[in-house]
file run.cif (mmCIF, C-alpha atoms)
data_upload
loop_
_atom_site.group_PDB
_atom_site.id
_atom_site.type_symbol
_atom_site.label_atom_id
_atom_site.label_comp_id
_atom_site.auth_asym_id
_atom_site.auth_seq_id
_atom_site.Cartn_x
_atom_site.Cartn_y
_atom_site.Cartn_z
ATOM 1 C CA MET A 1 -24.601 16.833 -4.959
ATOM 2 C CA ILE A 2 -23.149 13.782 -3.203
ATOM 3 C CA SER A 3 -26.649 12.431 -2.574
ATOM 4 C CA ARG A 4 -27.187 12.258 -6.354
ATOM 5 C CA LEU A 5 -24.213 9.960 -6.898
ATOM 6 C CA THR A 6 -24.678 6.227 -7.338
ATOM 7 C CA GLY A 7 -22.938 3.870 -4.927
ATOM 8 C CA ASN A 8 -20.197 3.079 -7.442
ATOM 9 C CA GLN A 9 -19.660 6.746 -8.306
ATOM 10 C CA LEU A 10 -19.286 7.636 -4.634
ATOM 11 C CA GLY A 11 -17.075 4.589 -4.159
ATOM 12 C CA ALA A 12 -14.835 5.723 -7.006
ATOM 13 C CA LEU A 13 -14.477 9.185 -5.436
ATOM 14 C CA LEU A 14 -13.673 7.654 -2.064
ATOM 15 C CA MET A 15 -11.072 5.368 -3.632
ATOM 16 C CA VAL A 16 -9.431 8.352 -5.342
ATOM 17 C CA GLY A 17 -9.460 10.200 -2.009
ATOM 18 C CA SER A 18 -8.041 7.170 -0.226
ATOM 19 C CA MET A 19 -5.136 6.942 -2.669
ATOM 20 C CA ALA A 20 -4.544 10.680 -2.260
ATOM 21 C CA GLY A 21 -4.336 10.260 1.515
ATOM 22 C CA PHE A 22 -1.887 7.377 1.315
ATOM 23 C CA THR A 23 0.270 9.169 -1.275
ATOM 24 C CA LEU A 24 0.360 12.392 0.763
ATOM 25 C CA ASN A 25 1.496 10.283 3.711
ATOM 26 C CA ASP A 26 4.351 8.984 1.535
ATOM 27 C CA GLY A 27 5.336 12.539 0.647
ATOM 28 C CA MET A 28 5.345 13.646 4.279
ATOM 29 C CA VAL A 29 7.476 10.640 5.293
ATOM 30 C CA LYS A 30 9.931 11.394 2.500
ATOM 31 C CA LEU A 31 10.192 14.979 3.757
ATOM 32 C CA ALA A 32 10.723 13.849 7.353
ATOM 33 C CA GLY A 33 13.353 11.372 6.194
ATOM 34 C CA GLN A 34 15.605 14.237 5.184
ATOM 35 C CA SER A 35 16.325 14.933 8.855
ATOM 36 C CA LEU A 36 15.115 11.924 10.893
ATOM 37 C CA PRO A 37 16.134 8.230 10.946
ATOM 38 C CA LEU A 38 13.606 5.646 9.816
ATOM 39 C CA SER A 39 12.974 4.256 13.301
ATOM 40 C CA GLN A 40 12.060 7.666 14.695
ATOM 41 C CA ILE A 41 9.621 8.221 11.829
ATOM 42 C CA LEU A 42 8.015 4.828 12.435
ATOM 43 C CA VAL A 43 7.584 5.432 16.170
ATOM 44 C CA VAL A 44 6.328 9.036 16.134
ATOM 45 C CA ARG A 45 3.976 8.466 13.230
ATOM 46 C CA GLY A 46 3.083 4.986 14.503
ATOM 47 C CA VAL A 47 1.811 6.211 17.862
ATOM 48 C CA ALA A 48 -0.511 8.726 16.204
ATOM 49 C CA VAL A 49 -1.641 6.267 13.503
ATOM 50 C CA SER A 50 -2.355 3.489 16.009
ATOM 51 C CA LEU A 51 -4.504 5.766 18.162
ATOM 52 C CA LEU A 52 -6.452 7.018 15.136
ATOM 53 C CA ILE A 53 -7.008 3.516 13.732
ATOM 54 C CA TYR A 54 -8.108 2.308 17.186
ATOM 55 C CA ALA A 55 -10.658 5.144 17.336
ATOM 56 C CA LEU A 56 -11.834 4.301 13.806
ATOM 57 C CA ALA A 57 -12.160 0.604 14.667
ATOM 58 C CA ARG A 58 -14.194 1.395 17.787
ATOM 59 C CA SER A 59 -16.509 3.790 15.943
ATOM 60 C CA TYR A 60 -17.146 1.287 13.116
ATOM 61 C CA GLY A 61 -17.439 -1.687 15.452
ATOM 62 C CA GLY A 62 -14.452 -3.198 13.730
ATOM 63 C CA LEU A 63 -12.472 -4.250 16.795
ATOM 64 C CA ARG A 64 -12.752 -7.946 17.570
ATOM 65 C CA LEU A 65 -10.176 -9.967 19.508
ATOM 66 C CA SER A 66 -12.090 -13.251 19.906
ATOM 67 C CA LEU A 67 -10.701 -14.913 16.788
ATOM 68 C CA SER A 68 -9.926 -18.529 16.038
ATOM 69 C CA ARG A 69 -6.373 -19.831 16.467
ATOM 70 C CA ARG A 70 -6.049 -20.153 12.694
ATOM 71 C CA ASP A 71 -7.119 -16.547 12.109
ATOM 72 C CA TRP A 72 -4.750 -15.267 14.809
ATOM 73 C CA ALA A 73 -1.910 -17.164 13.108
ATOM 74 C CA LEU A 74 -2.823 -15.518 9.801
ATOM 75 C CA VAL A 75 -3.049 -12.080 11.465
ATOM 76 C CA ALA A 76 0.402 -12.643 12.985
ATOM 77 C CA GLY A 77 1.819 -13.726 9.621
ATOM 78 C CA ARG A 78 0.287 -10.701 7.928
ATOM 79 C CA SER A 79 1.708 -8.407 10.615
ATOM 80 C CA LEU A 80 5.200 -9.812 10.048
ATOM 81 C CA ALA A 81 4.757 -9.247 6.319
ATOM 82 C CA GLU A 82 3.597 -5.691 7.109
ATOM 83 C CA ILE A 83 6.775 -5.038 9.104
ATOM 84 C CA ALA A 84 8.970 -6.209 6.234
ATOM 85 C CA THR A 85 6.831 -4.266 3.759
ATOM 86 C CA THR A 86 7.118 -1.053 5.743
ATOM 87 C CA TYR A 87 10.884 -1.343 6.123
ATOM 88 C CA PHE A 88 11.544 -2.034 2.445
ATOM 89 C CA PHE A 89 8.947 0.404 1.128
ATOM 90 C CA LEU A 90 10.060 3.347 3.256
ATOM 91 C CA SER A 91 13.732 2.558 2.584
ATOM 92 C CA ALA A 92 12.928 2.712 -1.140
ATOM 93 C CA LEU A 93 10.874 5.873 -0.654
ATOM 94 C CA LEU A 94 13.770 7.629 1.076
ATOM 95 C CA THR A 95 16.080 6.642 -1.791
ATOM 96 C CA LEU A 96 14.044 6.897 -5.011
ATOM 97 C CA PRO A 97 11.603 9.494 -6.400
ATOM 98 C CA ILE A 98 8.121 8.888 -5.022
ATOM 99 C CA ALA A 99 6.598 8.336 -8.487
ATOM 100 C CA ASN A 100 9.146 5.632 -9.346
ATOM 101 C CA VAL A 101 8.422 3.685 -6.151
ATOM 102 C CA THR A 102 4.673 4.012 -6.689
ATOM 103 C CA ALA A 103 5.012 2.887 -10.309
ATOM 104 C CA ILE A 104 6.822 -0.292 -9.254
ATOM 105 C CA LEU A 105 4.098 -1.039 -6.690
ATOM 106 C CA GLN A 106 1.460 -1.015 -9.434
ATOM 107 C CA MET A 107 2.650 -4.565 -10.152
ATOM 108 C CA LEU A 108 0.808 -5.810 -7.063
ATOM 109 C CA PRO A 109 -2.457 -7.060 -8.626
ATOM 110 C CA LEU A 110 -0.369 -9.045 -11.100
ATOM 111 C CA THR A 111 2.063 -10.509 -8.544
ATOM 112 C CA VAL A 112 -0.813 -11.451 -6.214
ATOM 113 C CA THR A 113 -2.629 -13.177 -9.076
ATOM 114 C CA LEU A 114 0.539 -15.074 -10.022
ATOM 115 C CA ALA A 115 1.326 -16.062 -6.425
ATOM 116 C CA ALA A 116 -2.253 -17.231 -5.776
ATOM 117 C CA ALA A 117 -2.074 -19.412 -8.884
ATOM 118 C CA LEU A 118 1.266 -20.934 -7.894
ATOM 119 C CA LEU A 119 0.571 -21.436 -4.178
ATOM 120 C CA PHE A 120 -3.188 -21.947 -3.963
ATOM 121 C CA GLY A 121 -3.952 -23.361 -7.394
ATOM 122 C CA GLU A 122 -6.287 -20.495 -8.346
ATOM 123 C CA GLN A 123 -7.228 -20.623 -12.014
ATOM 124 C CA VAL A 124 -5.514 -18.106 -14.303
ATOM 125 C CA GLY A 125 -6.619 -18.106 -17.935
ATOM 126 C CA TRP A 126 -4.359 -17.318 -20.863
ATOM 127 C CA ARG A 127 -5.561 -13.709 -21.032
ATOM 128 C CA ARG A 128 -4.633 -12.956 -17.438
ATOM 129 C CA ALA A 129 -1.377 -14.896 -17.822
ATOM 130 C CA THR A 130 -0.558 -12.726 -20.843
ATOM 131 C CA ALA A 131 -1.407 -9.603 -18.823
ATOM 132 C CA ILE A 132 1.036 -10.730 -16.122
ATOM 133 C CA GLY A 133 3.790 -11.194 -18.709
ATOM 134 C CA VAL A 134 3.090 -7.795 -20.261
ATOM 135 C CA GLY A 135 3.065 -6.222 -16.807
ATOM 136 C CA PHE A 136 6.470 -7.671 -15.959
ATOM 137 C CA PHE A 137 7.817 -6.260 -19.235
ATOM 138 C CA GLY A 138 6.507 -2.832 -18.192
ATOM 139 C CA MET A 139 8.167 -3.267 -14.791
ATOM 140 C CA LEU A 140 11.525 -3.889 -16.515
ATOM 141 C CA LEU A 141 11.111 -0.604 -18.399
ATOM 142 C CA ILE A 142 10.679 1.124 -15.025
ATOM 143 C CA VAL A 143 13.578 -0.467 -13.139
ATOM 144 C CA ARG A 144 15.929 -1.071 -16.128
ATOM 145 C CA PRO A 145 18.533 -3.267 -14.372
ATOM 146 C CA GLY A 146 22.104 -2.638 -15.481
ATOM 147 C CA ALA A 147 25.061 -4.974 -15.765
ATOM 148 C CA ASP A 148 25.391 -4.949 -11.970
ATOM 149 C CA GLY A 149 21.704 -5.686 -11.393
ATOM 150 C CA PHE A 150 19.320 -3.414 -9.523
ATOM 151 C CA ASP A 151 20.424 -0.386 -7.541
ATOM 152 C CA THR A 152 19.717 -0.345 -3.810
ATOM 153 C CA GLY A 153 16.542 1.722 -3.950
ATOM 154 C CA THR A 154 15.032 -0.387 -6.716
ATOM 155 C CA GLY A 155 15.936 -3.543 -4.812
ATOM 156 C CA TYR A 156 14.086 -2.202 -1.779
ATOM 157 C CA ALA A 157 11.012 -1.422 -3.897
ATOM 158 C CA LEU A 158 10.978 -4.890 -5.479
ATOM 159 C CA ALA A 159 11.390 -6.471 -2.036
ATOM 160 C CA ALA A 160 8.389 -4.406 -0.886
ATOM 161 C CA VAL A 161 6.326 -5.811 -3.771
ATOM 162 C CA ILE A 162 7.201 -9.354 -2.694
ATOM 163 C CA CYS A 163 6.322 -8.614 0.940
ATOM 164 C CA ILE A 164 3.012 -6.931 0.061
ATOM 165 C CA THR A 165 2.150 -9.925 -2.107
ATOM 166 C CA ALA A 166 2.752 -12.193 0.888
ATOM 167 C CA ARG A 167 0.658 -9.859 3.039
ATOM 168 C CA ASP A 168 -2.227 -10.068 0.583
ATOM 169 C CA LEU A 169 -2.044 -13.860 0.482
ATOM 170 C CA PHE A 170 -2.292 -13.999 4.288
ATOM 171 C CA THR A 171 -5.335 -11.718 4.066
ATOM 172 C CA ARG A 172 -7.005 -13.928 1.469
ATOM 173 C CA ARG A 173 -6.809 -16.954 3.764
ATOM 174 C CA MET A 174 -8.499 -15.230 6.721
ATOM 175 C CA SER A 175 -12.107 -16.041 7.481
ATOM 176 C CA ALA A 176 -14.859 -13.479 7.005
ATOM 177 C CA ALA A 177 -15.129 -13.212 10.813
ATOM 178 C CA VAL A 178 -11.935 -11.136 10.994
ATOM 179 C CA PRO A 179 -12.723 -7.391 10.785
ATOM 180 C CA SER A 180 -10.393 -5.524 8.430
ATOM 181 C CA LEU A 181 -9.802 -2.762 10.980
ATOM 182 C CA THR A 182 -8.691 -5.295 13.596
ATOM 183 C CA VAL A 183 -6.118 -6.580 11.113
ATOM 184 C CA THR A 184 -5.045 -3.013 10.313
ATOM 185 C CA LEU A 185 -4.650 -2.107 13.990
ATOM 186 C CA MET A 186 -2.546 -5.215 14.679
ATOM 187 C CA ALA A 187 -0.331 -4.342 11.722
ATOM 188 C CA ALA A 188 0.083 -0.733 12.893
ATOM 189 C CA LEU A 189 1.031 -1.842 16.409
ATOM 190 C CA SER A 190 3.494 -4.396 15.002
ATOM 191 C CA VAL A 191 5.201 -1.734 12.899
ATOM 192 C CA LEU A 192 5.343 0.537 15.946
ATOM 193 C CA VAL A 193 7.063 -2.174 18.018
ATOM 194 C CA PHE A 194 9.476 -2.828 15.140
ATOM 195 C CA GLY A 195 10.298 0.890 15.030
ATOM 196 C CA LEU A 196 11.130 0.853 18.738
ATOM 197 C CA GLY A 197 13.456 -2.110 18.209
ATOM 198 C CA LEU A 198 15.093 -0.513 15.187
ATOM 199 C CA GLY A 199 15.609 2.629 17.243
ATOM 200 C CA LEU A 200 18.100 0.767 19.439
ATOM 201 C CA GLN A 201 20.473 0.758 16.461
ATOM 202 C CA GLU A 202 19.894 4.327 15.289
ATOM 203 C CA THR A 203 20.539 7.744 16.779
ATOM 204 C CA TRP A 204 17.370 9.763 17.129
ATOM 205 C CA GLN A 205 17.382 13.472 16.396
ATOM 206 C CA PRO A 206 15.701 16.251 18.403
ATOM 207 C CA LEU A 207 12.178 16.807 17.116
ATOM 208 C CA THR A 208 11.603 20.287 15.775
ATOM 209 C CA LEU A 209 8.162 21.816 15.375
ATOM 210 C CA PRO A 210 8.235 21.487 11.553
ATOM 211 C CA THR A 211 9.218 17.786 11.583
ATOM 212 C CA THR A 212 6.670 17.027 14.310
ATOM 213 C CA LEU A 213 3.932 18.692 12.269
ATOM 214 C CA ILE A 214 5.056 16.794 9.159
ATOM 215 C CA LEU A 215 4.800 13.455 10.959
ATOM 216 C CA LEU A 216 1.429 14.319 12.479
ATOM 217 C CA LEU A 217 0.217 15.343 9.034
ATOM 218 C CA ALA A 218 1.504 12.008 7.699
ATOM 219 C CA ALA A 219 -0.493 10.188 10.382
ATOM 220 C CA GLY A 220 -3.598 12.218 9.524
ATOM 221 C CA CYS A 221 -3.216 11.468 5.809
ATOM 222 C CA ILE A 222 -2.828 7.728 6.295
ATOM 223 C CA PHE A 223 -5.823 7.782 8.652
ATOM 224 C CA ILE A 224 -7.908 9.469 5.947
ATOM 225 C CA GLY A 225 -6.692 6.841 3.520
ATOM 226 C CA TYR A 226 -7.850 4.026 5.800
ATOM 227 C CA LEU A 227 -11.149 5.768 6.621
ATOM 228 C CA PHE A 228 -12.034 6.239 2.955
ATOM 229 C CA SER A 229 -10.955 2.677 2.101
ATOM 230 C CA VAL A 230 -13.365 1.375 4.759
ATOM 231 C CA MET A 231 -16.157 3.608 3.458
ATOM 232 C CA VAL A 232 -15.527 2.336 -0.082
ATOM 233 C CA MET A 233 -16.447 -1.194 0.984
ATOM 234 C CA ARG A 234 -19.768 0.081 2.380
ATOM 235 C CA VAL A 235 -21.013 2.072 -0.628
ATOM 236 C CA GLY A 236 -19.579 0.598 -3.821
ATOM 237 C CA ASP A 237 -19.019 -2.630 -5.689
ATOM 238 C CA VAL A 238 -15.413 -3.650 -5.047
ATOM 239 C CA ALA A 239 -14.890 -4.901 -8.596
ATOM 240 C CA ALA A 240 -16.101 -1.568 -10.009
ATOM 241 C CA VAL A 241 -14.056 0.747 -7.787
ATOM 242 C CA SER A 242 -10.830 -1.265 -7.393
ATOM 243 C CA PRO A 243 -9.303 0.011 -10.683
ATOM 244 C CA PHE A 244 -9.423 3.532 -9.237
ATOM 245 C CA ARG A 245 -6.624 2.535 -6.847
ATOM 246 C CA TYR A 246 -4.296 3.222 -9.773
ATOM 247 C CA THR A 247 -4.978 6.931 -9.326
ATOM 248 C CA GLY A 248 -2.322 6.641 -6.610
ATOM 249 C CA LEU A 249 0.245 6.791 -9.422
ATOM 250 C CA LEU A 250 -1.247 10.053 -10.703
ATOM 251 C CA TRP A 251 -1.105 11.520 -7.195
ATOM 252 C CA ALA A 252 2.507 10.351 -6.867
ATOM 253 C CA LEU A 253 3.471 11.974 -10.178
ATOM 254 C CA LEU A 254 1.852 15.266 -9.132
ATOM 255 C CA LEU A 255 3.300 15.175 -5.619
ATOM 256 C CA GLY A 256 6.791 14.300 -6.819
ATOM 257 C CA TRP A 257 6.719 17.211 -9.234
ATOM 258 C CA LEU A 258 5.306 19.779 -6.780
ATOM 259 C CA MET A 259 7.198 18.793 -3.629
ATOM 260 C CA PHE A 260 10.488 17.357 -4.902
ATOM 261 C CA ASP A 261 10.784 18.671 -8.474
ATOM 262 C CA ASN A 262 11.014 15.084 -9.773
ATOM 263 C CA TRP A 263 9.429 13.849 -12.988
ATOM 264 C CA PRO A 264 10.052 10.317 -14.343
ATOM 265 C CA ASP A 265 11.730 9.907 -17.723
ATOM 266 C CA THR A 266 9.841 8.714 -20.793
ATOM 267 C CA LEU A 267 10.711 5.012 -20.457
ATOM 268 C CA THR A 268 9.550 4.985 -16.843
ATOM 269 C CA LEU A 269 6.237 6.588 -17.803
ATOM 270 C CA ILE A 270 5.738 4.103 -20.655
ATOM 271 C CA GLY A 271 6.547 1.209 -18.324
ATOM 272 C CA ALA A 272 4.145 2.543 -15.696
ATOM 273 C CA ALA A 273 1.372 2.894 -18.297
ATOM 274 C CA ILE A 274 1.928 -0.717 -19.426
ATOM 275 C CA VAL A 275 1.842 -2.008 -15.839
ATOM 276 C CA VAL A 276 -1.327 -0.051 -15.035
ATOM 277 C CA ALA A 277 -3.076 -1.224 -18.207
ATOM 278 C CA ALA A 278 -2.127 -4.852 -17.504
ATOM 279 C CA GLY A 279 -3.264 -4.548 -13.887
ATOM 280 C CA ILE A 280 -6.628 -3.021 -14.774
ATOM 281 C CA PHE A 281 -7.185 -5.733 -17.397
ATOM 282 C CA SER A 282 -6.363 -8.420 -14.826
ATOM 283 C CA LEU A 283 -8.741 -6.870 -12.288
ATOM 284 C CA LEU A 284 -11.551 -6.733 -14.839
ATOM 285 C CA ARG A 285 -10.950 -10.343 -15.861
ATOM 286 C CA GLU A 286 -10.938 -11.334 -12.181
ATOM 287 C CA ARG A 287 -14.276 -9.630 -11.472
ATOM 288 C CA PRO A 288 -16.514 -12.651 -12.126
ATOM 289 C CA ARG A 289 -14.089 -14.989 -10.359
ATOM 290 C CA ARG A 290 -13.887 -13.412 -6.909
ATOM 291 C CA ALA A 291 -16.513 -11.928 -4.635
ATOM 292 C CA ALA A 292 -14.105 -11.509 -1.736
ATOM 293 C CA THR A 293 -12.782 -8.087 -0.834
ATOM 294 C CA PRO A 294 -9.169 -7.586 -1.913
ATOM 295 C CA ASP A 295 -6.557 -6.183 0.439
ATOM 296 C CA LEU A 296 -6.306 -2.591 -0.789
ATOM 297 C CA SER A 297 -4.075 -1.368 2.000
ATOM 298 C CA PRO A 298 -0.787 0.172 0.871
ATOM 299 C CA PRO A 299 2.356 -0.067 2.994
ATOM 300 C CA GLU A 300 2.224 1.575 6.420
#
call {"tool": "encode", "arguments": {"input": "run.cif", "output": "structure tokens"}}
result
Amino acid sequence: MISRLTGNQLGALLMVGSMAGFTLNDGMVKLAGQSLPLSQILVVRGVAVSLLIYALARSYGGLRLSLSRRDWALVAGRSLAEIATTYFFLSALLTLPIANVTAILQMLPLTVTLAAALLFGEQVGWRRATAIGVGFFGMLLIVRPGADGFDTGTGYALAAVICITARDLFTRRMSAAVPSLTVTLMAALSVLVFGLGLGLQETWQPLTLPTTLILLLAAGCIFIGYLFSVMVMRVGDVAAVSPFRYTGLLWALLLGWLMFDNWPDTLTLIGAAIVVAAGIFSLLRERPRRAATPDLSPPE
């Protein structure tokens, strides 16, 4: 059956599977966060994730350390952005329903497009500019700031969007000689070191068998997400399969309902639909403009 699929059809399935893996990781982390501090989650999961990504990089020949000074500087900058992303994203995830956090993150294609235009002078036509404006309106329907501004969880999620945007911009400036799995491994190790440092300020809890299994399952899910995202780049056209990354929101809605009995209200769903539609439109308009592979990695 799989052999009958075209490259783009298989790529679409792999992208859907990748988003499922990353979203299941989010759900497992949210479960573990009910009994463990953030630093302990980052370290226990980080050790397993780093080993798995290292094995994946070796098997795909994606481990290369002989990079130029400029590329190493960009890798370091991206790793710092990954640390900030992970902290803000997981802090939001432990505070807000998983679907709400995921819905806010659907702004990323729009914020990256806007940032690239402002910082790098990339051309943005009136159609894509309109899509960005519409997307920001949808985001406001999701977060709905009150008289006192955003609540803490929403603030964390918006900070994560900013940090992921910075991470993507670092990735865009890297040369083609930098393997994506090398970048991913450096980011995973950086987050692991950050978790160890954060642990000096937090009190770790005894690991029980259930929480250990949850964290190992989280590591396995994020590994599957990375594996499928690498396979996507080998079988499908990036421009054709990239819109399927929005299936992560569908997985988040389903997971939030099944695992945490959470379902977003009507305004949040409308806002999410507007953001997704604007993002897909922007991606389709961007197709003839960019041949480079976008950074599809979600937060660690």
call {"tool": "resolve_selection", "arguments": {"input": "run.cif", "expression": "the PyMOL selection byres ((chain A and resi 45) around 12)", "output": "ChimeraX atom specification"}}
result
/A:25-26,28-29,32,36,38-44,46-52,188-189,191-192,195-196,211-223,300
call {"tool": "resolve_selection", "arguments": {"input": "run.cif", "expression": "the PyMOL selection byres ((chain A and resi 185) around 9)", "output": "PyMOL selection string"}}
result
chain A and resi 49-51+53-54+57+63+180-184+186-190
call {"tool": "atom_distance", "arguments": {"input": "run.cif", "atom1": "atom CA of A:Arg78", "atom2": "atom CA of A:Arg167"}}
result
5.0 Å
call {"tool": "atom_distance", "arguments": {"input": "run.cif", "atom1": "atom CA of A:Asp237", "atom2": "atom CA of A:Tyr60"}}
result
19.3 Å
call {"tool": "resolve_selection", "arguments": {"input": "run.cif", "expression": "the PyMOL selection byres ((chain A and resi 273) around 12)", "output": "MDAnalysis selection string"}}
result
chainID A and resid 103:104 106:107 134:139 141:142 246:247 249:250 266:272 274:280
call {"tool": "atom_distance", "arguments": {"input": "run.cif", "atom1": "atom CA of A:Phe170", "atom2": "atom CA of A:Leu74"}}
result
5.7 Å
call {"tool": "residues_near_point", "arguments": {"input": "run.cif", "point": "(-11.3, 4.8, -11.0)", "cutoff": "7 Å", "atoms": "all atoms listed in the file", "output": "number ranges by chain"}}
result
A: 12, 16, 241, 243-245, 247
call {"tool": "closest_residue", "arguments": {"input": "run.cif", "among": "A:Ser282, A:Ser66, A:Thr165, A:Ser35", "to": "A:Leu108", "atoms": "only C-alpha atoms"}}
result
A:Thr165
call {"tool": "closest_residue", "arguments": {"input": "run.cif", "among": "A:Leu110, A:Leu105, A:Leu227, A:Ala159", "to": "A:Ser91", "atoms": "all atoms listed in the file"}}
result
A:Ala159
call {"tool": "residues_near_point", "arguments": {"input": "run.cif", "point": "(7.8, 11.5, -10.1)", "cutoff": "8 Å", "atoms": "only C-alpha atoms", "output": "list in words"}}
result
Pro97, Ile98, Ala99, Asn100, Ala252, Leu253, Leu254, Leu255, Gly256, Trp257, Asp261, Asn262, Trp263 and Pro264 of chain A
call {"tool": "closest_residue", "arguments": {"input": "run.cif", "among": "A:Leu10, A:Leu140, A:Ala129, A:Leu93", "to": "A:Gly27", "atoms": "all atoms listed in the file"}}
result
A:Leu93
call {"tool": "closest_residue", "arguments": {"input": "run.cif", "among": "A:Leu94, A:Val232, A:Ala116, A:Val161", "to": "A:Glu82", "atoms": "only C-alpha atoms"}}
result
A:Val161
call {"tool": "closest_residue", "arguments": {"input": "run.cif", "among": "A:Phe22, A:Trp251, A:Phe260, A:Tyr87", "to": "A:Gly153", "atoms": "only C-alpha atoms"}}
result
A:Tyr87
call {"tool": "axis_aligned_box", "arguments": {"input": "run.cif", "around": "stretch 241-246 of chain A", "padding_each_side": "3 Å", "output": "JSON"}}
result
{"center_x": -9.2, "center_y": 1.1, "center_z": -8.8, "size_x": 15.8, "size_y": 10.8, "size_z": 9.8}
call {"tool": "closest_residue", "arguments": {"input": "run.cif", "among": "A:Val101, A:Leu284, A:Leu5, A:Leu56", "to": "A:Lys30", "atoms": "only C-alpha atoms"}}
result
A:Val101
